[in-house]
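J.: Sending over a structure as structure tokens; questions will come in a sec.
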Amino acid sequence: MSTETTRSVVIEREMPHPPEKVWRALTQSSLLEEWLMKNDFQPIVGHRFNFRADWGAVDGEVLAVEPNKMLSYGWAAFGLESVVTWTLTPTSTGTHLRMEQSGFRTDQEQAFKGAKYGWQGFFAGLEKVLARIE
Amino acid sequence: MALADPTRRALFERLSREGELTVRVLTSRSGVSQPAVSKHLRVLKRTGLVKGRHKGRQTHYSARPQGLAPLVDWMNFYSRFWQDRIDRLGDLLKRMEQ
């Protein structure tokens, strides 16, 4: 992967829970639905799945699974091809959780594709998501 | 947001689909008056989503899809999205059995 042409979103958080428990929330379909989106996820390498939200669907494929340590899947939506990688590191108080979504291109092609594939639904969803956050 | 308005969104979509059109042609199937269409086009032009080209007495408008680029800021969108979702993950973990 070329670091010159893509960028990542990284979020790190301390979770006062053991890695095994965080792992369950990241990989069990019914638990994923509670905090992320409706899905048919299974932590099996090569498994293809969808995340479904009212603003659209995400196509995914499981790329790597290391129970309680690392989970990686492709995340494609509205023309954005990216990879989401979760890393769990045990700490004295629980788990250091790191999420990296990589594959954001620095050129504008991504935005063109986004526009082409479903900007209308995207905007509707974006407005909804942002309204809830702010 | 310029595209939050349904009439403007429809105008932008039509220009994206059909290419260069005049205000008169755009008005014909828009269901709104010509001055209203002109007003919407001015807003779209100001935000860089359409451009106008003068030809005789008419102005021909076309879409500028690259104008969408600053709006579809995926990194910004996903930064907020994941912050929000990971907050929810934290709440869920509190509710879960050990």
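Residue numbers start at 1 in each chain; chains themselves are named A, B, ... in the order of the structure tokens; ligands are numbered from 1 in the order shown.
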Give one line per residue of region 4-96 of chain B that approaches region 15-20 of chain A to at most 12 Å, naming the two atoms of the closest pair and their distance in Å to one decimal, counting only C-alpha atoms; sort by chain then ascending residue number and deliver it as CSV.
T.:
```
residue,atom,partner,partner_atom,distance
B:Ile86,CA,A:Met15,CA,10.0
B:Asp87,CA,A:Met15,CA,10.3
B:Arg88,CA,A:Met15,CA,12.0
B:Leu89,CA,A:Met15,CA,9.5
B:Gly90,CA,A:Met15,CA,7.0
B:Asp91,CA,A:Met15,CA,10.3
B:Leu92,CA,A:His17,CA,11.1
B:Leu93,CA,A:His17,CA,7.4
B:Lys94,CA,A:His17,CA,8.4
B:Arg95,CA,A:His17,CA,11.3
B:Met96,CA,A:His17,CA,10.1
```
J.: Which of region 28-97 of chain A counts as strand (DSSP E or B) under DSSP, as a ChimeraX atom specification please?
T.: /A:38-39,48-53,56-66,70-77,80-91,94-97
J.: Can you tell me how far CA of Gly60 (chain A) sits from CA of His96 (chain A), in Å to one decimal?
T.: 24.3 Å
J.: Please determine, counting only C-alpha atoms, which residue among B:Glu13, B:Glu20, B:Asp84, B:Glu97 has the shortest atom-to-atom distance to Lys55 (chain B).
T.: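 Smallest separation from Lys55 (chain B) among the options: B:Glu20.
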J.: Could you give me, as a list in words, the residues within 12 Å of Thr59 (chain B), counting only C-alpha atoms and dropping anything in the same chain fewer than 2 positions from it?
T.: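 Close residues of Thr59 (chain B): Glu20, Leu21, Thr22, Val23, Arg24, Val25, Leu26, Ser38, Leu41, Arg42, Val50, Lys51, Gly52, Arg53, His54, Lys55, Gly56, Arg57, Tyr61 and Ser62 of chain B.
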J.: Write a file of the just-selected residues containing N, CA and C atoms, as a CSV table (one decimal), in the first residue's frame.
T.:
```
chain,number,residue,atom,x,y,z
B,20,GLU,N,-25.1,20.7,-20.9
B,20,GLU,CA,-25.4,22.1,-20.9
B,20,GLU,C,-26.8,22.4,-21.2
B,21,LEU,N,-27.5,23.2,-20.4
B,21,LEU,CA,-28.9,23.6,-20.6
B,21,LEU,C,-29.1,25.1,-20.3
B,22,THR,N,-30.1,25.7,-21.0
B,22,THR,CA,-30.4,27.1,-20.7
B,22,THR,C,-31.4,27.2,-19.6
B,23,VAL,N,-31.6,28.4,-19.0
B,23,VAL,CA,-32.6,28.6,-18.0
B,23,VAL,C,-34.0,28.2,-18.5
B,24,ARG,N,-34.2,28.6,-19.7
B,24,ARG,CA,-35.5,28.3,-20.3
B,24,ARG,C,-35.8,26.8,-20.3
B,25,VAL,N,-34.9,26.1,-20.8
B,25,VAL,CA,-35.0,24.6,-20.9
B,25,VAL,C,-35.2,24.0,-19.5
B,26,LEU,N,-34.3,24.5,-18.6
B,26,LEU,CA,-34.4,24.0,-17.2
B,26,LEU,C,-35.7,24.3,-16.6
B,38,SER,N,-33.7,30.7,-11.9
B,38,SER,CA,-32.5,31.6,-12.0
B,38,SER,C,-31.9,31.8,-10.6
B,41,LEU,N,-30.1,28.7,-9.5
B,41,LEU,CA,-28.8,28.5,-10.3
B,41,LEU,C,-27.8,29.5,-9.7
B,42,ARG,N,-28.2,30.6,-9.3
B,42,ARG,CA,-27.2,31.6,-8.7
B,42,ARG,C,-26.6,31.0,-7.4
B,50,VAL,N,-22.3,24.6,-10.3
B,50,VAL,CA,-22.6,24.8,-11.7
B,50,VAL,C,-21.8,25.9,-12.3
B,51,LYS,N,-21.7,26.0,-13.6
B,51,LYS,CA,-21.0,27.1,-14.2
B,51,LYS,C,-21.9,27.6,-15.3
B,52,GLY,N,-21.8,28.9,-15.6
B,52,GLY,CA,-22.7,29.5,-16.7
B,52,GLY,C,-21.8,30.0,-17.8
B,53,ARG,N,-22.3,29.9,-19.0
B,53,ARG,CA,-21.5,30.3,-20.2
B,53,ARG,C,-22.5,31.2,-21.0
B,54,HIS,N,-22.1,32.4,-21.2
B,54,HIS,CA,-22.9,33.3,-22.0
B,54,HIS,C,-22.8,33.0,-23.5
B,55,LYS,N,-23.9,32.9,-24.1
B,55,LYS,CA,-23.9,32.7,-25.6
B,55,LYS,C,-25.1,33.5,-26.1
B,56,GLY,N,-24.8,34.6,-26.8
B,56,GLY,CA,-25.8,35.5,-27.3
B,56,GLY,C,-26.5,36.1,-26.0
B,57,ARG,N,-27.8,36.0,-26.1
B,57,ARG,CA,-28.6,36.6,-24.9
B,57,ARG,C,-28.9,35.5,-23.8
B,61,TYR,N,-26.0,26.7,-18.8
B,61,TYR,CA,-25.5,26.2,-17.5
B,61,TYR,C,-25.1,24.8,-17.6
B,62,SER,N,-24.0,24.4,-16.9
B,62,SER,CA,-23.6,23.0,-16.8
B,62,SER,C,-23.1,22.7,-15.4
```
J.: Can you pull out the residues contacting Arg13 (chain A)? Cut-off 12 Å, using only C-alpha atoms, and skip same-chain residues under 6 positions away; I want them as a PyMOL selection string.
T.: (chain A and resi 22+86-89+91+94-100) or (chain B and resi 82-83+85-87+89-90)
J.: Compile the contact shell of His40 (chain B) as a ChimeraX atom specification: residues with an atom at most 9 Å away, counting only C-alpha atoms, same-chain residues fewer than 2 positions apart removed.
T.: /B:2,7-8,11,35-38,42-45
J.: Among chain B, which residues does DSSP mark as helix (DSSP H, G or I) when it is run on the backbone? Keep the chain and numbering as in the structure and answer as a VMD selection string.
T.: chain B and resid 2 to 4 6 to 18 23 to 28 34 to 46 65 to 68 74 to 95
